[in-house]
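Shown below: target.cif, with mmCIF, C-alpha atoms.
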```cif
data_coords
#
loop_
_atom_site.label_atom_id
_atom_site.label_comp_id
_atom_site.auth_asym_id
_atom_site.auth_seq_id
_atom_site.Cartn_x
_atom_site.Cartn_y
_atom_site.Cartn_z
CA MET A 160 0.00 0.00 0.00
CA GLY A 161 2.87 2.38 0.79
CA ILE A 162 4.38 2.08 -2.69
CA LEU A 163 0.98 2.48 -4.33
CA ALA A 164 0.33 5.59 -2.27
CA VAL A 165 3.67 7.10 -3.32
CA LEU A 166 3.05 6.33 -6.99
CA ALA A 167 -0.57 7.42 -6.97
CA LEU A 168 0.08 11.16 -7.18
CA PRO A 169 2.64 11.03 -10.06
CA LEU A 170 0.40 8.63 -11.96
CA LEU A 171 -2.58 10.89 -11.39
CA LEU A 172 -0.64 13.93 -12.59
CA LEU A 173 0.58 12.01 -15.63
CA GLY A 174 -2.95 10.96 -16.44
CA ILE A 175 -4.28 14.50 -16.09
CA SER A 176 -1.50 15.91 -18.29
CA GLY A 177 -2.29 13.28 -20.91
CA ILE A 178 -5.97 14.21 -20.88
CA ILE A 179 -5.10 17.90 -21.21
CA TYR A 180 -2.79 17.16 -24.15
CA ILE A 181 -5.48 15.12 -25.91
CA TYR A 182 -8.04 17.84 -25.24
CA GLN A 183 -5.77 20.52 -26.69
CA SER A 184 -4.99 18.37 -29.72
CA VAL A 185 -8.67 17.72 -30.38
CA ARG A 186 -9.43 21.43 -30.02
CA TRP A 187 -6.71 22.28 -32.50
CA LEU A 188 -8.05 19.76 -35.02
CA LEU A 189 -11.55 21.16 -34.60
CA SER A 190 -10.30 24.72 -35.03
CA THR A 191 -8.50 23.90 -38.30
CA SER A 192 -11.53 22.01 -39.60
CA ALA A 193 -13.64 25.10 -38.87
CA VAL A 194 -12.04 26.88 -41.83
CA GLN A 195 -11.79 23.83 -44.10
CA ASN A 196 -13.06 24.83 -47.57
CA LYS A 197 -14.36 28.12 -46.19
CA VAL A 198 -13.75 31.42 -47.97
CA VAL A 199 -11.61 33.41 -45.53
CA VAL A 200 -10.79 37.05 -46.20
CA ILE A 201 -7.90 38.60 -44.26
CA THR A 202 -7.21 42.31 -44.54
CA ASP A 203 -3.62 41.87 -43.45
CA ALA A 204 -1.96 38.51 -43.73
CA ILE A 205 -1.71 36.01 -40.88
CA SER A 206 0.27 33.16 -42.38
CA GLY A 207 -0.79 30.59 -39.78
CA LEU A 208 -4.30 30.48 -41.21
CA GLY A 209 -3.07 29.14 -44.53
CA LYS A 210 -2.61 25.64 -43.17
CA GLY A 211 -6.25 25.07 -42.29
CA GLY A 212 -7.45 24.22 -45.80
CA ALA A 213 -9.25 27.55 -46.20
CA ARG A 214 -9.89 29.34 -49.47
CA LEU A 215 -7.86 32.39 -48.58
CA VAL A 216 -8.33 35.85 -50.01
CA LEU A 217 -5.34 37.85 -48.80
CA CYS A 218 -5.56 41.62 -48.85
CA GLY A 219 -2.65 43.99 -48.46
CA ARG A 220 -1.26 47.35 -49.52
CA THR A 221 1.67 46.07 -51.59
CA TRP A 222 2.12 43.26 -54.08
CA GLU A 223 5.56 42.54 -52.67
CA LYS A 224 4.19 41.61 -49.25
CA LEU A 225 1.29 39.64 -50.70
CA GLU A 226 3.50 37.68 -53.09
CA ALA A 227 6.02 36.94 -50.35
CA LEU A 228 3.26 35.55 -48.16
CA TYR A 229 1.82 33.61 -51.11
CA ASP A 230 5.19 31.95 -51.71
CA ALA A 231 5.59 31.20 -48.00
CA LEU A 232 2.17 29.56 -47.80
CA ILE A 233 2.61 27.53 -50.97
CA SER A 234 6.02 26.28 -49.85
CA VAL A 235 4.66 24.69 -46.67
CA ALA A 236 1.18 23.70 -47.82
CA ASP A 237 0.05 20.30 -49.04
CA PRO A 238 -1.34 20.94 -52.55
CA SER A 239 -3.87 18.14 -52.14
CA MET A 240 -5.35 19.74 -49.01
CA THR A 241 -5.04 23.48 -49.60
CA TYR A 242 -6.11 26.12 -52.10
CA ALA A 243 -3.81 28.65 -53.70
CA PRO A 244 -4.56 32.02 -52.05
CA LYS A 245 -6.19 34.83 -54.01
CA LEU A 246 -4.41 38.17 -53.73
CA VAL A 247 -6.21 41.52 -53.59
CA LEU A 248 -4.66 44.96 -53.20
CA LEU A 249 -6.31 46.91 -50.38
CA ASP A 250 -5.32 50.03 -48.50
CA ILE A 251 -7.76 49.86 -45.61
CA SER A 252 -7.20 53.55 -44.83
CA ASP A 253 -8.38 54.56 -48.33
CA ILE A 254 -12.10 54.59 -47.60
CA ASN A 255 -13.09 55.60 -51.14
CA CYS A 256 -11.68 52.43 -52.72
CA ILE A 257 -13.09 49.89 -50.28
CA GLN A 258 -16.45 49.38 -52.01
CA ASP A 259 -14.74 48.46 -55.28
CA VAL A 260 -12.27 46.19 -53.49
CA ALA A 261 -15.16 44.47 -51.70
CA LYS A 262 -16.69 43.64 -55.10
CA GLU A 263 -13.33 42.22 -56.21
CA ILE A 264 -13.19 40.12 -53.04
CA LEU A 265 -16.69 38.74 -53.59
CA ASN A 266 -15.86 37.94 -57.21
CA CYS A 267 -13.06 35.62 -56.08
CA TYR A 268 -15.43 32.87 -54.88
CA GLY A 269 -18.87 34.46 -54.99
CA CYS A 270 -19.18 34.68 -51.22
CA VAL A 271 -17.32 35.29 -47.97
CA ASP A 272 -17.67 32.85 -45.07
CA ILE A 273 -15.20 34.45 -42.66
CA LEU A 274 -13.97 38.04 -42.64
CA ILE A 275 -10.92 38.77 -40.52
CA ASN A 276 -10.24 42.47 -40.02
CA ASN A 277 -6.58 42.62 -39.14
CA ALA A 278 -5.12 45.77 -40.70
CA SER A 279 -4.01 48.42 -38.24
CA MET A 280 -1.98 51.62 -38.00
CA LYS A 281 -0.10 52.79 -34.90
CA VAL A 282 1.14 56.17 -33.73
CA LYS A 283 2.87 57.22 -30.54
CA GLY A 284 3.24 60.72 -29.15
CA ALA A 285 1.82 63.34 -26.83
CA VAL A 286 -1.68 64.53 -27.71
CA GLN A 287 -0.50 68.07 -28.47
CA SER A 288 2.22 66.80 -30.82
CA ILE A 289 -0.06 64.67 -33.01
CA SER A 290 -1.78 66.60 -35.80
CA LEU A 291 -5.52 66.35 -36.37
CA GLU A 292 -4.73 65.09 -39.86
CA LEU A 293 -2.82 62.15 -38.39
CA ASP A 294 -5.63 61.53 -35.89
CA LYS A 295 -8.04 61.21 -38.82
CA LYS A 296 -5.67 58.90 -40.69
CA ILE A 297 -5.47 56.59 -37.66
CA MET A 298 -9.27 56.57 -37.39
CA ASP A 299 -9.59 55.74 -41.10
CA ALA A 300 -7.19 52.78 -40.84
CA ASN A 301 -8.36 51.37 -37.50
CA TYR A 302 -12.06 52.24 -37.46
CA PHE A 303 -13.66 53.56 -40.65
CA GLY A 304 -11.72 51.16 -42.89
CA PRO A 305 -12.71 47.94 -41.08
CA ILE A 306 -16.35 48.96 -40.65
CA THR A 307 -16.63 50.08 -44.29
CA LEU A 308 -15.35 46.72 -45.52
CA THR A 309 -17.54 44.88 -43.03
CA LYS A 310 -20.63 46.77 -44.22
CA ALA A 311 -19.75 45.99 -47.83
CA ILE A 312 -19.42 42.25 -47.16
CA LEU A 313 -22.32 42.00 -44.71
CA PRO A 314 -25.21 41.85 -47.24
CA ASN A 315 -23.66 38.70 -48.74
CA MET A 316 -23.58 37.04 -45.33
CA ILE A 317 -27.06 38.21 -44.38
CA SER A 318 -28.57 36.89 -47.64
CA ARG A 319 -27.02 33.49 -46.92
CA ARG A 320 -27.79 33.72 -43.18
CA THR A 321 -24.33 32.54 -42.28
CA GLY A 322 -20.89 33.98 -41.71
CA GLN A 323 -18.30 34.98 -39.18
CA ILE A 324 -16.59 38.31 -38.63
CA VAL A 325 -13.46 38.57 -36.50
CA LEU A 326 -11.84 41.84 -35.51
CA ILE A 327 -8.21 41.65 -34.42
CA ASN A 328 -8.14 44.73 -32.25
CA SER A 329 -5.97 45.61 -29.24
CA ILE A 330 -5.98 45.69 -25.47
CA GLN A 331 -5.99 49.45 -25.97
CA GLY A 332 -9.60 49.11 -27.01
CA LYS A 333 -10.13 48.33 -23.33
CA ILE A 334 -7.70 50.70 -21.61
CA GLY A 335 -6.09 53.94 -22.74
CA ILE A 336 -2.31 54.06 -22.48
CA PRO A 337 -0.68 57.53 -22.40
CA PHE A 338 1.02 58.82 -25.55
CA ARG A 339 -1.21 56.61 -27.69
CA ALA A 340 -4.41 58.65 -27.60
CA ALA A 341 -5.33 58.45 -31.30
CA TYR A 342 -4.60 54.73 -31.46
CA ALA A 343 -6.53 53.96 -28.27
CA ALA A 344 -9.47 56.10 -29.44
CA SER A 345 -9.68 54.22 -32.74
CA LYS A 346 -9.54 50.86 -30.97
CA HIS A 347 -12.22 51.89 -28.46
CA ALA A 348 -14.43 52.98 -31.36
CA ALA A 349 -13.95 49.65 -33.12
CA VAL A 350 -14.87 47.69 -29.99
CA GLY A 351 -18.06 49.73 -29.62
CA PHE A 352 -19.08 49.14 -33.24
CA PHE A 353 -18.43 45.40 -33.24
CA ASP A 354 -20.16 44.94 -29.87
CA CYS A 355 -23.31 46.47 -31.39
CA LEU A 356 -22.87 44.50 -34.61
CA ARG A 357 -22.64 41.25 -32.63
CA ALA A 358 -26.08 41.78 -31.11
CA GLU A 359 -27.66 42.87 -34.40
CA MET A 360 -26.31 39.91 -36.39
CA GLU A 361 -27.50 37.23 -34.00
CA GLU A 362 -30.82 36.85 -35.79
CA PHE A 363 -28.96 36.09 -39.04
CA ASP A 364 -26.71 33.43 -37.44
CA ILE A 365 -23.66 35.60 -38.12
CA SER A 366 -21.14 35.50 -35.30
CA VAL A 367 -18.89 38.43 -34.43
CA GLY A 368 -15.75 38.05 -32.35
CA THR A 369 -12.94 40.32 -31.24
CA VAL A 370 -9.38 39.23 -30.44
CA ASN A 371 -7.49 41.75 -28.31
CA PRO A 372 -3.72 41.16 -28.00
CA THR A 373 -1.33 43.54 -26.29
CA PHE A 374 0.17 44.10 -29.71
CA ILE A 375 1.37 41.90 -32.57
CA CYS A 376 5.07 41.64 -33.28
CA SER A 377 7.40 39.27 -35.08
CA TYR A 378 9.49 38.63 -31.99
CA HIS A 379 9.38 39.06 -28.22
CA ARG A 380 11.31 42.03 -26.98
CA GLN A 381 12.29 43.44 -23.64
CA PRO A 382 10.94 46.85 -22.60
CA ALA A 383 13.37 49.73 -22.88
CA PRO A 384 15.32 50.30 -19.65
CA GLY A 385 14.66 53.32 -17.48
CA ASN A 386 14.60 54.25 -13.82
CA TRP A 387 10.92 55.10 -13.99
CA GLU A 388 10.12 51.44 -14.69
CA ALA A 389 10.89 50.55 -11.08
CA SER A 390 7.68 52.31 -10.05
CA ILE A 391 4.16 50.97 -9.66
CA TRP A 392 3.68 52.02 -13.30
CA LYS A 393 6.00 49.17 -14.25
CA PHE A 394 3.94 46.73 -12.20
CA PHE A 395 0.87 47.38 -14.30
CA PHE A 396 2.19 48.18 -17.76
CA ARG A 397 5.66 46.85 -18.41
CA LYS A 398 4.33 43.58 -19.84
CA VAL A 399 2.27 45.44 -22.39
CA ALA A 400 5.66 45.72 -24.12
CA TYR A 401 5.76 41.94 -24.56
CA GLY A 402 4.09 41.45 -27.91
CA VAL A 403 2.23 38.45 -29.27
CA HIS A 404 3.74 36.52 -32.16
CA PRO A 405 1.63 36.43 -35.36
CA VAL A 406 1.48 32.62 -35.18
CA GLU A 407 -0.08 32.85 -31.70
CA VAL A 408 -2.65 35.30 -33.04
CA ALA A 409 -3.43 33.03 -36.00
CA GLU A 410 -3.97 30.08 -33.67
CA GLU A 411 -6.22 32.15 -31.41
CA VAL A 412 -8.23 33.36 -34.42
CA LEU A 413 -8.76 29.72 -35.46
CA ARG A 414 -9.97 28.89 -31.96
CA THR A 415 -12.22 31.94 -31.98
CA VAL A 416 -13.74 30.88 -35.31
CA SER A 417 -14.13 27.26 -34.20
CA SER A 418 -15.76 28.10 -30.86
CA LYS A 419 -17.47 31.27 -32.08
CA LYS A 420 -15.98 33.17 -29.18
CA GLN A 421 -17.31 36.67 -28.71
CA GLU A 422 -14.26 38.25 -27.14
CA VAL A 423 -10.68 37.15 -26.40
CA LEU A 424 -8.04 39.03 -24.43
CA MET A 425 -4.50 37.94 -25.35
CA ALA A 426 -2.41 39.41 -22.57
CA ASN A 427 -0.19 38.55 -19.65
CA PRO A 428 -1.73 38.62 -16.16
CA ILE A 429 -0.56 42.17 -15.41
CA PRO A 430 -2.31 43.87 -18.38
CA ARG A 431 -5.37 41.74 -17.62
CA VAL A 432 -5.37 43.08 -14.06
CA ALA A 433 -5.06 46.60 -15.45
CA VAL A 434 -8.23 46.08 -17.52
CA TYR A 435 -10.16 44.90 -14.48
CA ILE A 436 -8.86 47.74 -12.32
CA ARG A 437 -9.88 50.23 -15.01
CA THR A 438 -13.37 48.71 -14.99
CA PHE A 439 -14.00 48.30 -11.28
CA PHE A 440 -11.59 50.79 -9.67
CA PRO A 441 -11.20 53.60 -12.22
CA GLU A 442 -9.87 56.18 -9.76
CA LEU A 443 -7.06 53.82 -8.72
CA PHE A 444 -6.24 53.17 -12.35
CA PHE A 445 -6.09 56.89 -13.19
CA ALA A 446 -3.87 57.53 -10.15
CA ILE A 447 -1.43 54.81 -11.22
CA VAL A 448 -1.28 56.14 -14.77
CA ALA A 449 -0.76 59.73 -13.59
CA SER A 450 1.99 58.59 -11.24
CA GLY A 451 3.74 56.78 -14.05
CA ILE A 452 3.60 59.85 -16.32
CA ARG A 453 5.08 62.10 -13.63
CA GLU A 454 7.94 59.66 -12.97
CA LYS A 455 8.64 59.23 -16.67
CA MET A 456 8.80 62.98 -17.26
CA LYS A 457 11.03 63.44 -14.22
CA THR A 458 13.42 60.75 -15.49
CA GLU A 459 13.57 62.36 -18.95
CA GLU A 460 14.36 65.73 -17.40
CA GLU A 461 17.17 64.23 -15.32
CA ASN A 462 18.67 62.58 -18.38
#
```
Starting from the file, lay out its structure as structure tokens.
Amino acid sequence: MGILAVLALPLLLLGISGIIYIYQSVRWLLSTSAVQNKVVVITDAISGLGKGGARLVLCGRTWEKLEALYDALISVADPSMTYAPKLVLLDISDINCIQDVAKEILNCYGCVDILINNASMKVKGAVQSISLELDKKIMDANYFGPITLTKAILPNMISRRTGQIVLINSIQGKIGIPFRAAYAASKHAAVGFFDCLRAEMEEFDISVGTVNPTFICSYHRQPAPGNWEASIWKFFFRKVAYGVHPVEVAEEVLRTVSSKKQEVLMANPIPRVAVYIRTFFPELFFAIVASGIREKMKTEEEN
């Protein structure tokens, strides 16, 4: 009995880990099958989606980027299980061209099953240093562009009473981070629009989901050093600087499509806590942010 008792816990843990692994594997298979043979439109390429057997329509601002992604997808794909992607030029910030591009997208396969709004434009700087013209450009790229394309594709989905729309947004659609006012405003606006759209599309069996990473990068980087980071500001926001790899985002988008998730927050525990503090203890959140700004400015003056 003594030996059995000693071995029981490791065996139990091994069994649990095996079950978890199987569960995750099954979920991944289900998520890839969710896009099998579906027409998936992506407004800025996420290469990880190309392996799910989807009929991809890749949109981007330059042929060079689109062709490079095309070659990358074809090189790793099984020709018997995948479709060659369609390429469409699209500058999401050019609102006047989106209606025509939407027609081109629909002409590729005659319909759109899944629309993934992924294009985004960033800007960093103090409010008084960012021109109103740049503010408007950010809003066009991050808000008016995605909703214009969505509205252009929506009638096709409504007529078929099926479809999925995914917005890859940002954690800054949930909390405003100083020196990113225009970007945060555009992301807040997008969240508001797609929250309303989700409720309105329910009667047509069209699901709407948002994926909110800290930010998307091609590698993980360390935050820039500085004395001010030793403050409470660092405790809440330093890990916002740890980006999410595009492959991680692609995998989460597949899970979102498969499970028809309404909202996903891709962030480390600290940014998650910041979101909850902003929601339930706003005065504490504002005090922390203000404290961080004062310390940052003081450090810059000393340097």
One residue among A:Ala433, A:Val448, A:Leu232, A:Val350 is nearest to Gln421 in chain A when using only C-alpha atoms, and that residue is A:Val350
Residue IDs satisfying the PyMOL selection byres ((chain A and resi 322) around 9), as a compact mmCIF listing (two decimals) with C-alpha atoms, in the coordinates of the input:
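Contents of out21.txt, as written:
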```txt
# COMPACT_ATOMS: atom_id res chain seq x y z
CA VAL A 271 -17.32 35.29 -47.97
CA ASP A 272 -17.67 32.85 -45.07
CA ILE A 273 -15.20 34.45 -42.66
CA LEU A 274 -13.97 38.04 -42.64
CA LEU A 313 -22.32 42.00 -44.71
CA ASN A 315 -23.66 38.70 -48.74
CA MET A 316 -23.58 37.04 -45.33
CA ILE A 317 -27.06 38.21 -44.38
CA ARG A 319 -27.02 33.49 -46.92
CA ARG A 320 -27.79 33.72 -43.18
CA THR A 321 -24.33 32.54 -42.28
CA GLN A 323 -18.30 34.98 -39.18
CA ILE A 324 -16.59 38.31 -38.63
CA PHE A 363 -28.96 36.09 -39.04
CA ASP A 364 -26.71 33.43 -37.44
CA ILE A 365 -23.66 35.60 -38.12
CA SER A 366 -21.14 35.50 -35.30
CA VAL A 367 -18.89 38.43 -34.43
```
- Message: Need the shell around Asn371 in chain A: protein/DNA/RNA residues with any atom at most 10 Å away, counting all atoms listed in the file. Skip same-chain ones fewer than 6 positions apart. Format as an NGL selection string?
- Response: :A and (326-333 or 346 or 350 or 408 or 422-426)
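Interatomic distance, CA of Ala243 in chain A to CA of Asp203 in chain A: 16.7 Å.
Between CA of Gln287 in chain A and CA of Phe444 in chain A lies a distance of 22.7 Å.
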Using only C-alpha atoms, the shortest atom-to-atom distance to Leu413 in chain A among A:Met240, A:Val199, A:Ala227, A:Ile254 belongs to A:Val199
